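To keep things clear, I will list the structure first and then write my remarks on it.
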Amino acid sequence: MSRVLEVENLKISFPGGDHTRVYPVDGVSFQLERGQTLALVGESGCGKSLTSLALLQLVPPPGRIETGSVIRLGDTDVLALQGEALRRIRGRRIGMIFQDPMTSLNPVFTVEDQIVEGILAHFKMARAKARERALQLLQEVGIPDPEQRLKAYPHQLSGGMRQRVMIAIALAAEPEILVADEPTTALDVTVQAQILEVLDRLRTSRGMAVLLITHDLGIVAGRADRVAVMYAGQIIEETSTGRLFANPSHPYTQGLFASVPRITGPLKRLNPIRGSVPAPAAWPSGCRFRPRCPKAFDKSELEPPLLPVEPDHLMRCWLAEQQGAGTRQEPGTKS
Ligand SMILES: Nc1ncnc2c1ncn2[C@@H]1O[C@H](COP(=O)(O)OP(=O)(O)O)[C@@H](O)[C@H]1O
Ligand SMILES: [Mg+2]
């Protein structure tokens, strides 16, 4: 496999008052291989969207990416790019789709206008040729009757169709990487599954890498090769999807699993993790999950590094010292 994206020690800060800064993204590292899907999972407020915006230097001011952060796109040092060079990678090498297509689509232009513009922004070709290409793209993302849909305005389409149009626009530039930030959150379950299906097919047919951002572990199974779980600005568990589902190890990840509704088995009350993600200014010292963690112990006062639980499976929790040493605990038992 060839590596298409490497993020190393990404730190994003915002002014925190009194001349201090807060770090909603605090030392995030991950890699993406060609044709691979990495899911970035965590509750709202963990820093997922800022992480994805940083990939294109789109962190809104007064936020900034701190010195020492590294984003490599193939051989390109993204954080060294400016102006035209930066614009060239936006869309063309990394495409983005967001949660709410209504805010990203322009309400006064037809689907055709928007896709054709997307194509012409990146490739020199005649308008008629670009229109043909737009039709193909609509077919590729599973839009029925694409000739008719080309003439439609965004408000004339259902939420699922709008999201497909967004994906078609992102694909128009033929990016190597597609970043999908909560692409299905606003959609009902059936349409969610269809959109994820489209992403999966594109990854296979185009060899595209996908960064799938979601707060919902339930949509990750069967869709992602690897999972990075984020909490309070840091990756707290990272492994293959198979290993994560077989052996979710960080108490936060276990909490996320406990709050995913099950289709099979007896209907149980869900156990969401108590409390919510605090604002970055209020992240505790030591283990950031400590105040919400049912398994916190005295060592949690110290900040844990990413530690191996098993081969190719890391977590940021001192319990890894026990699990990694072979005394694996069953999820749910107290230490
Ligand atoms: N423009 C901004 N100004 C100040 N703080 C921000 C801004 N955008 C995000 N943040 C802070 O960064 C944290 C992470 O945000 P975000 O990346 O959107 O999280 P997620 O996508 O995981 O929900 C939030 O708690 C928020 O307080
Ligand atoms: Mg977000």
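Labels for the structure tokens follow display order: chains A, B, ..., residues from 1 in each chain, ligands from 1.
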Would you write out, as JSON lines, a table of all residues in stretch 160-273 of chain A that have an atom no more than 7 Å from an atom of stretch 307-315 of chain A, listing for each the closest atom pair and the distance in Å to one decimal, considering only C-alpha atoms and ordering rows by chain and rising residue number?
```
{"residue": "A:Ile236", "atom": "CA", "partner": "A:Met315", "partner_atom": "CA", "distance": 5.2}
{"residue": "A:Glu237", "atom": "CA", "partner": "A:Met315", "partner_atom": "CA", "distance": 4.1}
{"residue": "A:Glu238", "atom": "CA", "partner": "A:Leu314", "partner_atom": "CA", "distance": 5.3}
{"residue": "A:Thr239", "atom": "CA", "partner": "A:His313", "partner_atom": "CA", "distance": 4.6}
{"residue": "A:His250", "atom": "CA", "partner": "A:Met315", "partner_atom": "CA", "distance": 6.2}
```
Emit the selected residues as a compact mmCIF listing (two decimals), in the first residue's frame, including C-alpha atoms.
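What follows is the written file selection08.txt:
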```txt
# COMPACT_ATOMS: atom_id res chain seq x y z
CA ILE A 236 -7.05 7.78 22.53
CA GLU A 237 -7.32 4.47 20.67
CA GLU A 238 -6.16 3.42 17.20
CA THR A 239 -6.27 0.05 15.50
CA HIS A 250 -10.14 2.34 26.17
```
*Would you list the contacts of stretch 283-300 of chain A as a PyMOL selection string, taking every protein, DNA or RNA residue within 8 Å and counting only C-alpha atoms, but skipping same-chain residues closer than 5 positions in sequence?*
chain A and resi 231-232+251-252+273-275+278+317-318+334-335
*Run DSSP on the backbone and grab whatever in stretch 25-230 of chain A lands in alpha helix (DSSP H); send it over as JSON, numbers by chain.*
{"A": [48, 49, 50, 51, 52, 53, 54, 83, 84, 85, 86, 87, 88, 89, 101, 102, 103, 104, 111, 112, 113, 114, 115, 116, 117, 118, 119, 120, 121, 122, 127, 128, 129, 130, 131, 132, 133, 134, 135, 136, 137, 138, 139, 140, 146, 147, 148, 149, 150, 159, 160, 161, 162, 163, 164, 165, 166, 167, 168, 169, 170, 171, 172, 189, 190, 191, 192, 193, 194, 195, 196, 197, 198, 199, 200, 201, 202, 203, 204, 205, 206]}
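Each residue with an atom within 7 Å of any atom of ligand 2 appears in the list, which was built counting only C-alpha atoms and all ligand atoms: Ser44, Gly45, Lys48, Ser49 and Asp181 of chain A.
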So that I can check the secondary structure, give me every residue of stretch 91-284 of chain A assigned strand (DSSP E) by backbone DSSP, as a short mmCIF file (atom, residue, chain, number, x, y, z; two decimals) with N, CA and C atoms, in the first residue's frame.
```cif
data_model
loop_
_atom_site.label_atom_id
_atom_site.label_comp_id
_atom_site.auth_asym_id
_atom_site.auth_seq_id
_atom_site.Cartn_x
_atom_site.Cartn_y
_atom_site.Cartn_z
N ILE A 94 -7.43 16.83 -2.20
CA ILE A 94 -8.28 16.45 -1.07
C ILE A 94 -9.66 17.06 -1.28
N GLY A 95 -10.67 16.20 -1.44
CA GLY A 95 -12.04 16.68 -1.58
C GLY A 95 -12.74 16.58 -0.23
N MET A 96 -13.69 17.48 0.00
CA MET A 96 -14.38 17.47 1.30
C MET A 96 -15.88 17.44 1.10
N ILE A 97 -16.55 16.63 1.90
CA ILE A 97 -18.01 16.76 1.99
C ILE A 97 -18.40 16.92 3.45
N ILE A 177 -7.94 11.90 -1.99
CA ILE A 177 -8.48 11.68 -0.65
C ILE A 177 -9.83 12.37 -0.56
N LEU A 178 -10.81 11.67 -0.02
CA LEU A 178 -12.10 12.29 0.23
C LEU A 178 -12.30 12.36 1.74
N VAL A 179 -12.50 13.56 2.24
CA VAL A 179 -12.79 13.73 3.66
C VAL A 179 -14.29 13.92 3.79
N ALA A 180 -14.93 13.03 4.55
CA ALA A 180 -16.38 13.09 4.72
C ALA A 180 -16.66 13.37 6.19
N ASP A 181 -17.05 14.62 6.49
CA ASP A 181 -17.25 15.01 7.88
C ASP A 181 -18.72 14.85 8.26
N ALA A 209 -8.60 7.31 -1.06
CA ALA A 209 -8.56 7.11 0.39
C ALA A 209 -9.69 7.94 1.00
N VAL A 210 -10.32 7.42 2.03
CA VAL A 210 -11.43 8.14 2.65
C VAL A 210 -11.16 8.36 4.14
N LEU A 211 -11.31 9.60 4.57
CA LEU A 211 -11.30 9.89 6.00
C LEU A 211 -12.75 10.12 6.39
N LEU A 212 -13.31 9.14 7.11
CA LEU A 212 -14.73 9.18 7.45
C LEU A 212 -14.87 9.65 8.89
N ILE A 213 -15.43 10.85 9.04
CA ILE A 213 -15.56 11.42 10.38
C ILE A 213 -16.97 11.21 10.90
N THR A 214 -17.08 10.67 12.10
CA THR A 214 -18.42 10.41 12.63
C THR A 214 -18.41 10.36 14.15
N ARG A 226 -9.60 1.06 9.31
CA ARG A 226 -9.02 1.38 10.61
C ARG A 226 -9.89 2.42 11.31
N VAL A 227 -9.74 2.48 12.63
CA VAL A 227 -10.48 3.45 13.41
C VAL A 227 -9.52 4.18 14.34
N ALA A 228 -9.64 5.51 14.38
CA ALA A 228 -8.94 6.30 15.39
C ALA A 228 -10.03 6.96 16.23
N VAL A 229 -10.03 6.68 17.52
CA VAL A 229 -11.03 7.27 18.41
C VAL A 229 -10.41 8.51 19.05
N MET A 230 -11.16 9.62 18.95
CA MET A 230 -10.65 10.89 19.48
C MET A 230 -11.41 11.28 20.72
N TYR A 231 -10.68 11.78 21.71
CA TYR A 231 -11.33 12.37 22.88
C TYR A 231 -10.54 13.61 23.31
N GLN A 234 -7.31 14.57 21.42
CA GLN A 234 -6.25 13.58 21.22
C GLN A 234 -6.83 12.27 20.68
N ILE A 235 -6.00 11.50 19.98
CA ILE A 235 -6.41 10.14 19.63
C ILE A 235 -6.15 9.27 20.85
N ILE A 236 -7.20 8.57 21.30
CA ILE A 236 -7.05 7.78 22.53
C ILE A 236 -7.07 6.28 22.26
N GLU A 237 -7.43 5.89 21.03
CA GLU A 237 -7.32 4.47 20.67
C GLU A 237 -7.22 4.38 19.16
N GLU A 238 -6.36 3.51 18.65
CA GLU A 238 -6.16 3.42 17.20
C GLU A 238 -5.78 2.01 16.83
N THR A 239 -6.56 1.42 15.92
CA THR A 239 -6.27 0.05 15.50
C THR A 239 -7.11 -0.29 14.27
N SER A 240 -7.01 -1.55 13.81
CA SER A 240 -7.87 -1.98 12.70
C SER A 240 -9.31 -2.07 13.21
#
```
Closest-contact table, chain A side, partner ligand 1, 10 Å, counting only C-alpha atoms and all ligand atoms, as JSON lines:
```
{"residue": "A:Ile12", "atom": "CA", "partner": "ligand 1", "partner_atom_place_in_ligand_line": "12 (O)", "distance": 8.7}
{"residue": "A:Ser13", "atom": "CA", "partner": "ligand 1", "partner_atom_place_in_ligand_line": "5 (N)", "distance": 8.4}
{"residue": "A:Phe14", "atom": "CA", "partner": "ligand 1", "partner_atom_place_in_ligand_line": "4 (C)", "distance": 5.9}
{"residue": "A:Pro15", "atom": "CA", "partner": "ligand 1", "partner_atom_place_in_ligand_line": "4 (C)", "distance": 7.7}
{"residue": "A:Gly16", "atom": "CA", "partner": "ligand 1", "partner_atom_place_in_ligand_line": "4 (C)", "distance": 8.6}
{"residue": "A:Val22", "atom": "CA", "partner": "ligand 1", "partner_atom_place_in_ligand_line": "5 (N)", "distance": 8.6}
{"residue": "A:Tyr23", "atom": "CA", "partner": "ligand 1", "partner_atom_place_in_ligand_line": "12 (O)", "distance": 7.7}
{"residue": "A:Pro24", "atom": "CA", "partner": "ligand 1", "partner_atom_place_in_ligand_line": "12 (O)", "distance": 4.5}
{"residue": "A:Val25", "atom": "CA", "partner": "ligand 1", "partner_atom_place_in_ligand_line": "14 (C)", "distance": 7.1}
{"residue": "A:Leu40", "atom": "CA", "partner": "ligand 1", "partner_atom_place_in_ligand_line": "22 (O)", "distance": 9.1}
{"residue": "A:Val41", "atom": "CA", "partner": "ligand 1", "partner_atom_place_in_ligand_line": "22 (O)", "distance": 8.1}
{"residue": "A:Gly42", "atom": "CA", "partner": "ligand 1", "partner_atom_place_in_ligand_line": "22 (O)", "distance": 6.3}
{"residue": "A:Glu43", "atom": "CA", "partner": "ligand 1", "partner_atom_place_in_ligand_line": "22 (O)", "distance": 6.1}
{"residue": "A:Ser44", "atom": "CA", "partner": "ligand 1", "partner_atom_place_in_ligand_line": "23 (O)", "distance": 3.4}
{"residue": "A:Gly45", "atom": "CA", "partner": "ligand 1", "partner_atom_place_in_ligand_line": "23 (O)", "distance": 3.6}
{"residue": "A:Cys46", "atom": "CA", "partner": "ligand 1", "partner_atom_place_in_ligand_line": "22 (O)", "distance": 3.8}
{"residue": "A:Gly47", "atom": "CA", "partner": "ligand 1", "partner_atom_place_in_ligand_line": "17 (O)", "distance": 3.2}
{"residue": "A:Lys48", "atom": "CA", "partner": "ligand 1", "partner_atom_place_in_ligand_line": "22 (O)", "distance": 3.7}
{"residue": "A:Ser49", "atom": "CA", "partner": "ligand 1", "partner_atom_place_in_ligand_line": "21 (O)", "distance": 3.6}
{"residue": "A:Leu50", "atom": "CA", "partner": "ligand 1", "partner_atom_place_in_ligand_line": "17 (O)", "distance": 3.7}
{"residue": "A:Thr51", "atom": "CA", "partner": "ligand 1", "partner_atom_place_in_ligand_line": "17 (O)", "distance": 6.3}
{"residue": "A:Ser52", "atom": "CA", "partner": "ligand 1", "partner_atom_place_in_ligand_line": "17 (O)", "distance": 8.0}
{"residue": "A:Leu53", "atom": "CA", "partner": "ligand 1", "partner_atom_place_in_ligand_line": "17 (O)", "distance": 8.3}
{"residue": "A:Ala54", "atom": "CA", "partner": "ligand 1", "partner_atom_place_in_ligand_line": "17 (O)", "distance": 9.8}
{"residue": "A:Val59", "atom": "CA", "partner": "ligand 1", "partner_atom_place_in_ligand_line": "1 (N)", "distance": 7.6}
{"residue": "A:Pro60", "atom": "CA", "partner": "ligand 1", "partner_atom_place_in_ligand_line": "1 (N)", "distance": 5.5}
{"residue": "A:Pro61", "atom": "CA", "partner": "ligand 1", "partner_atom_place_in_ligand_line": "1 (N)", "distance": 7.0}
{"residue": "A:Pro62", "atom": "CA", "partner": "ligand 1", "partner_atom_place_in_ligand_line": "3 (N)", "distance": 7.2}
{"residue": "A:Gly63", "atom": "CA", "partner": "ligand 1", "partner_atom_place_in_ligand_line": "3 (N)", "distance": 6.5}
{"residue": "A:Asp181", "atom": "CA", "partner": "ligand 1", "partner_atom_place_in_ligand_line": "21 (O)", "distance": 7.9}
{"residue": "A:Glu182", "atom": "CA", "partner": "ligand 1", "partner_atom_place_in_ligand_line": "21 (O)", "distance": 8.6}
{"residue": "A:Ile213", "atom": "CA", "partner": "ligand 1", "partner_atom_place_in_ligand_line": "21 (O)", "distance": 8.2}
{"residue": "A:Thr214", "atom": "CA", "partner": "ligand 1", "partner_atom_place_in_ligand_line": "22 (O)", "distance": 8.4}
{"residue": "A:His215", "atom": "CA", "partner": "ligand 1", "partner_atom_place_in_ligand_line": "22 (O)", "distance": 7.7}
{"residue": "A:Met230", "atom": "CA", "partner": "ligand 1", "partner_atom_place_in_ligand_line": "22 (O)", "distance": 7.9}
{"residue": "A:Tyr231", "atom": "CA", "partner": "ligand 1", "partner_atom_place_in_ligand_line": "22 (O)", "distance": 8.3}
{"residue": "A:Ala232", "atom": "CA", "partner": "ligand 1", "partner_atom_place_in_ligand_line": "14 (C)", "distance": 7.9}
{"residue": "A:Gly233", "atom": "CA", "partner": "ligand 1", "partner_atom_place_in_ligand_line": "14 (C)", "distance": 7.1}
{"residue": "A:Val277", "atom": "CA", "partner": "ligand 1", "partner_atom_place_in_ligand_line": "25 (O)", "distance": 7.7}
{"residue": "A:Pro278", "atom": "CA", "partner": "ligand 1", "partner_atom_place_in_ligand_line": "25 (O)", "distance": 7.3}
{"residue": "A:Ala279", "atom": "CA", "partner": "ligand 1", "partner_atom_place_in_ligand_line": "25 (O)", "distance": 4.9}
{"residue": "A:Pro280", "atom": "CA", "partner": "ligand 1", "partner_atom_place_in_ligand_line": "25 (O)", "distance": 5.8}
{"residue": "A:Ala281", "atom": "CA", "partner": "ligand 1", "partner_atom_place_in_ligand_line": "27 (O)", "distance": 8.4}
{"residue": "A:Ala282", "atom": "CA", "partner": "ligand 1", "partner_atom_place_in_ligand_line": "25 (O)", "distance": 10.0}
```
Could those residues be written to a file, using N, CA and C atoms, as a CSV table (one decimal), in the first residue's frame?
```csv
chain,number,residue,atom,x,y,z
A,12,ILE,N,-3.7,22.5,17.1
A,12,ILE,CA,-4.5,23.6,16.7
A,12,ILE,C,-4.9,24.4,17.9
A,13,SER,N,-4.6,25.7,17.9
A,13,SER,CA,-4.9,26.5,19.1
A,13,SER,C,-5.9,27.7,18.8
A,14,PHE,N,-6.6,28.1,19.8
A,14,PHE,CA,-7.4,29.3,19.8
A,14,PHE,C,-7.1,30.1,21.0
A,15,PRO,N,-7.3,31.5,20.9
A,15,PRO,CA,-7.1,32.3,22.1
A,15,PRO,C,-8.0,31.8,23.2
A,16,GLY,N,-7.5,31.7,24.4
A,16,GLY,CA,-8.3,31.3,25.5
A,16,GLY,C,-8.5,32.3,26.6
A,22,VAL,N,-5.9,27.9,24.0
A,22,VAL,CA,-6.4,26.5,24.3
A,22,VAL,C,-6.1,25.7,23.0
A,23,TYR,N,-6.1,24.3,23.2
A,23,TYR,CA,-5.6,23.4,22.2
A,23,TYR,C,-6.7,22.4,21.9
A,24,PRO,N,-7.7,22.8,21.1
A,24,PRO,CA,-8.8,21.8,20.8
A,24,PRO,C,-8.3,20.6,20.0
A,25,VAL,N,-7.2,20.7,19.3
A,25,VAL,CA,-6.5,19.6,18.7
A,25,VAL,C,-5.1,19.6,19.2
A,40,LEU,N,-12.6,8.4,11.9
A,40,LEU,CA,-12.2,9.3,13.0
A,40,LEU,C,-13.4,9.5,13.8
A,41,VAL,N,-13.4,8.9,15.0
A,41,VAL,CA,-14.7,8.7,15.8
A,41,VAL,C,-14.6,9.4,17.1
A,42,GLY,N,-15.6,10.1,17.5
A,42,GLY,CA,-15.6,10.7,18.9
A,42,GLY,C,-16.9,11.6,19.0
A,43,GLU,N,-17.2,11.9,20.3
A,43,GLU,CA,-18.4,12.7,20.5
A,43,GLU,C,-18.1,14.1,20.0
A,44,SER,N,-19.2,14.9,19.9
A,44,SER,CA,-19.1,16.3,19.4
A,44,SER,C,-18.2,17.1,20.4
A,45,GLY,N,-17.3,17.9,19.8
A,45,GLY,CA,-16.4,18.7,20.6
A,45,GLY,C,-15.1,18.1,20.8
A,46,CYS,N,-14.8,16.9,20.2
A,46,CYS,CA,-13.5,16.3,20.4
A,46,CYS,C,-12.4,16.8,19.5
A,47,GLY,N,-12.7,17.6,18.5
A,47,GLY,CA,-11.7,18.1,17.6
A,47,GLY,C,-11.6,17.5,16.2
A,48,LYS,N,-12.7,16.7,15.9
A,48,LYS,CA,-12.6,16.0,14.6
A,48,LYS,C,-12.7,17.0,13.4
A,49,SER,N,-13.6,17.9,13.4
A,49,SER,CA,-13.8,18.8,12.3
A,49,SER,C,-12.6,19.7,12.1
A,50,LEU,N,-12.0,20.2,13.2
A,50,LEU,CA,-10.8,21.1,13.1
A,50,LEU,C,-9.7,20.3,12.5
A,51,THR,N,-9.6,19.0,12.9
A,51,THR,CA,-8.5,18.2,12.3
A,51,THR,C,-8.7,18.1,10.8
A,52,SER,N,-9.9,17.9,10.4
A,52,SER,CA,-10.1,17.8,8.9
A,52,SER,C,-9.9,19.1,8.2
A,53,LEU,N,-10.3,20.2,8.8
A,53,LEU,CA,-10.1,21.5,8.2
A,53,LEU,C,-8.6,21.8,8.1
A,54,ALA,N,-7.8,21.4,9.0
A,54,ALA,CA,-6.4,21.6,9.0
A,54,ALA,C,-5.7,21.0,7.8
A,59,VAL,N,-8.4,26.1,8.9
A,59,VAL,CA,-8.8,26.4,10.3
A,59,VAL,C,-9.2,27.8,10.4
A,60,PRO,N,-10.4,28.2,10.9
A,60,PRO,CA,-10.8,29.6,10.9
A,60,PRO,C,-10.0,30.4,11.9
A,61,PRO,N,-9.5,31.6,11.5
A,61,PRO,CA,-8.8,32.5,12.4
A,61,PRO,C,-9.8,32.9,13.5
A,62,PRO,N,-9.4,33.3,14.7
A,62,PRO,CA,-8.0,33.3,15.2
A,62,PRO,C,-7.4,32.0,15.5
A,63,GLY,N,-8.0,30.9,15.1
A,63,GLY,CA,-7.4,29.6,15.3
A,63,GLY,C,-6.1,29.5,14.5
A,181,ASP,N,-17.0,14.6,6.5
A,181,ASP,CA,-17.2,15.0,7.9
A,181,ASP,C,-18.7,14.9,8.3
A,182,GLU,N,-19.0,13.8,9.0
A,182,GLU,CA,-20.4,13.5,9.4
A,182,GLU,C,-21.3,13.5,8.2
A,213,ILE,N,-15.4,10.8,9.0
A,213,ILE,CA,-15.6,11.4,10.4
A,213,ILE,C,-17.0,11.2,10.9
A,214,THR,N,-17.1,10.7,12.1
A,214,THR,CA,-18.4,10.4,12.6
A,214,THR,C,-18.4,10.4,14.2
A,215,HIS,N,-19.6,10.7,14.8
A,215,HIS,CA,-19.7,10.5,16.2
A,215,HIS,C,-20.3,9.1,16.5
A,230,MET,N,-11.2,9.6,18.9
A,230,MET,CA,-10.7,10.9,19.5
A,230,MET,C,-11.4,11.3,20.7
A,231,TYR,N,-10.7,11.8,21.7
A,231,TYR,CA,-11.3,12.4,22.9
A,231,TYR,C,-10.5,13.6,23.3
A,232,ALA,N,-11.2,14.7,23.5
A,232,ALA,CA,-10.6,15.9,24.0
A,232,ALA,C,-9.3,16.3,23.3
A,233,GLY,N,-9.4,16.3,22.0
A,233,GLY,CA,-8.2,16.8,21.2
A,233,GLY,C,-7.1,15.8,20.9
A,277,VAL,N,-18.3,16.1,26.7
A,277,VAL,CA,-16.9,16.5,26.5
A,277,VAL,C,-16.8,18.0,27.0
A,278,PRO,N,-15.9,18.3,27.9
A,278,PRO,CA,-15.8,19.7,28.4
A,278,PRO,C,-15.2,20.6,27.3
A,279,ALA,N,-15.3,21.9,27.4
A,279,ALA,CA,-14.7,22.8,26.5
A,279,ALA,C,-13.1,22.7,26.6
A,280,PRO,N,-12.4,23.0,25.6
A,280,PRO,CA,-10.9,22.8,25.6
A,280,PRO,C,-10.3,23.5,26.8
A,281,ALA,N,-10.8,24.7,27.2
A,281,ALA,CA,-10.2,25.4,28.4
A,281,ALA,C,-10.3,24.6,29.7
A,282,ALA,N,-11.3,23.6,29.7
A,282,ALA,CA,-11.5,22.9,30.9
A,282,ALA,C,-11.0,21.5,30.9
```
*Which of these residues is nearest to A:Leu120, using only C-alpha atoms: A:Met161, A:Pro144, A:Arg149, A:Ile169?*
A:Ile169
Per-residue nearest contacts of stretch 93-211 of chain A to stretch 26-36 of chain A (6 Å; only C-alpha atoms) as a tab-separated table:
```
residue	atom	partner	partner_atom	distance
A:Arg203	CA	A:Gly35	CA	5.6
A:Gly207	CA	A:Gly35	CA	4.3
A:Met208	CA	A:Gly35	CA	4.8
A:Ala209	CA	A:Gly35	CA	4.5
```
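Coordinates place atom CA of A:Arg131 at a distance of 25.3 Å from atom CA of A:Pro183.
For the pair atom CA of A:Val198 and atom CA of A:Gly142, the interatomic distance is 7.3 Å.
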_Counting only C-alpha atoms, which residue out of A:Asp100, A:Arg21, A:Asn106, A:Gln114 sits closest to A:Gly159?_
A:Asp100
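Near A:Phe257, within 9 Å and counting only C-alpha atoms, sit Leu217, Gly218, Phe245, Pro248, Tyr252, Thr253, Gln254, Gly255, Ser259, Val260, Pro261 and Pro272 of chain A; same-chain residues fewer than 2 positions away were not included.
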Same residues, C-alpha atoms, saved as a CSV table (one decimal), in the first residue's frame:
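New file out_31.csv:
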```csv
chain,number,residue,atom,x,y,z
A,217,LEU,CA,-19.4,4.0,16.0
A,218,GLY,CA,-22.4,2.1,14.7
A,245,PHE,CA,-14.7,-4.3,17.5
A,248,PRO,CA,-12.4,-2.2,22.4
A,252,TYR,CA,-14.1,5.8,26.4
A,253,THR,CA,-14.4,3.5,23.4
A,254,GLN,CA,-16.2,1.0,25.5
A,255,GLY,CA,-18.6,3.7,26.5
A,259,SER,CA,-24.3,3.7,23.6
A,260,VAL,CA,-24.6,2.2,20.1
A,261,PRO,CA,-28.1,0.8,19.6
A,272,PRO,CA,-24.4,6.7,27.3
```
*From A:Glu8, A:Arg90, A:Thr103, A:Gly17, residue lying nearest A:Ile71 [only C-alpha atoms]*: A:Glu8
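Within 12 Å of A:Ala85, once only C-alpha atoms are used and residues closer than 6 positions along the same chain are dropped, the contacting residues are Leu56, Gln57, Thr76, Asp77, Val78, Leu79, Arg92 and Arg93 of chain A.
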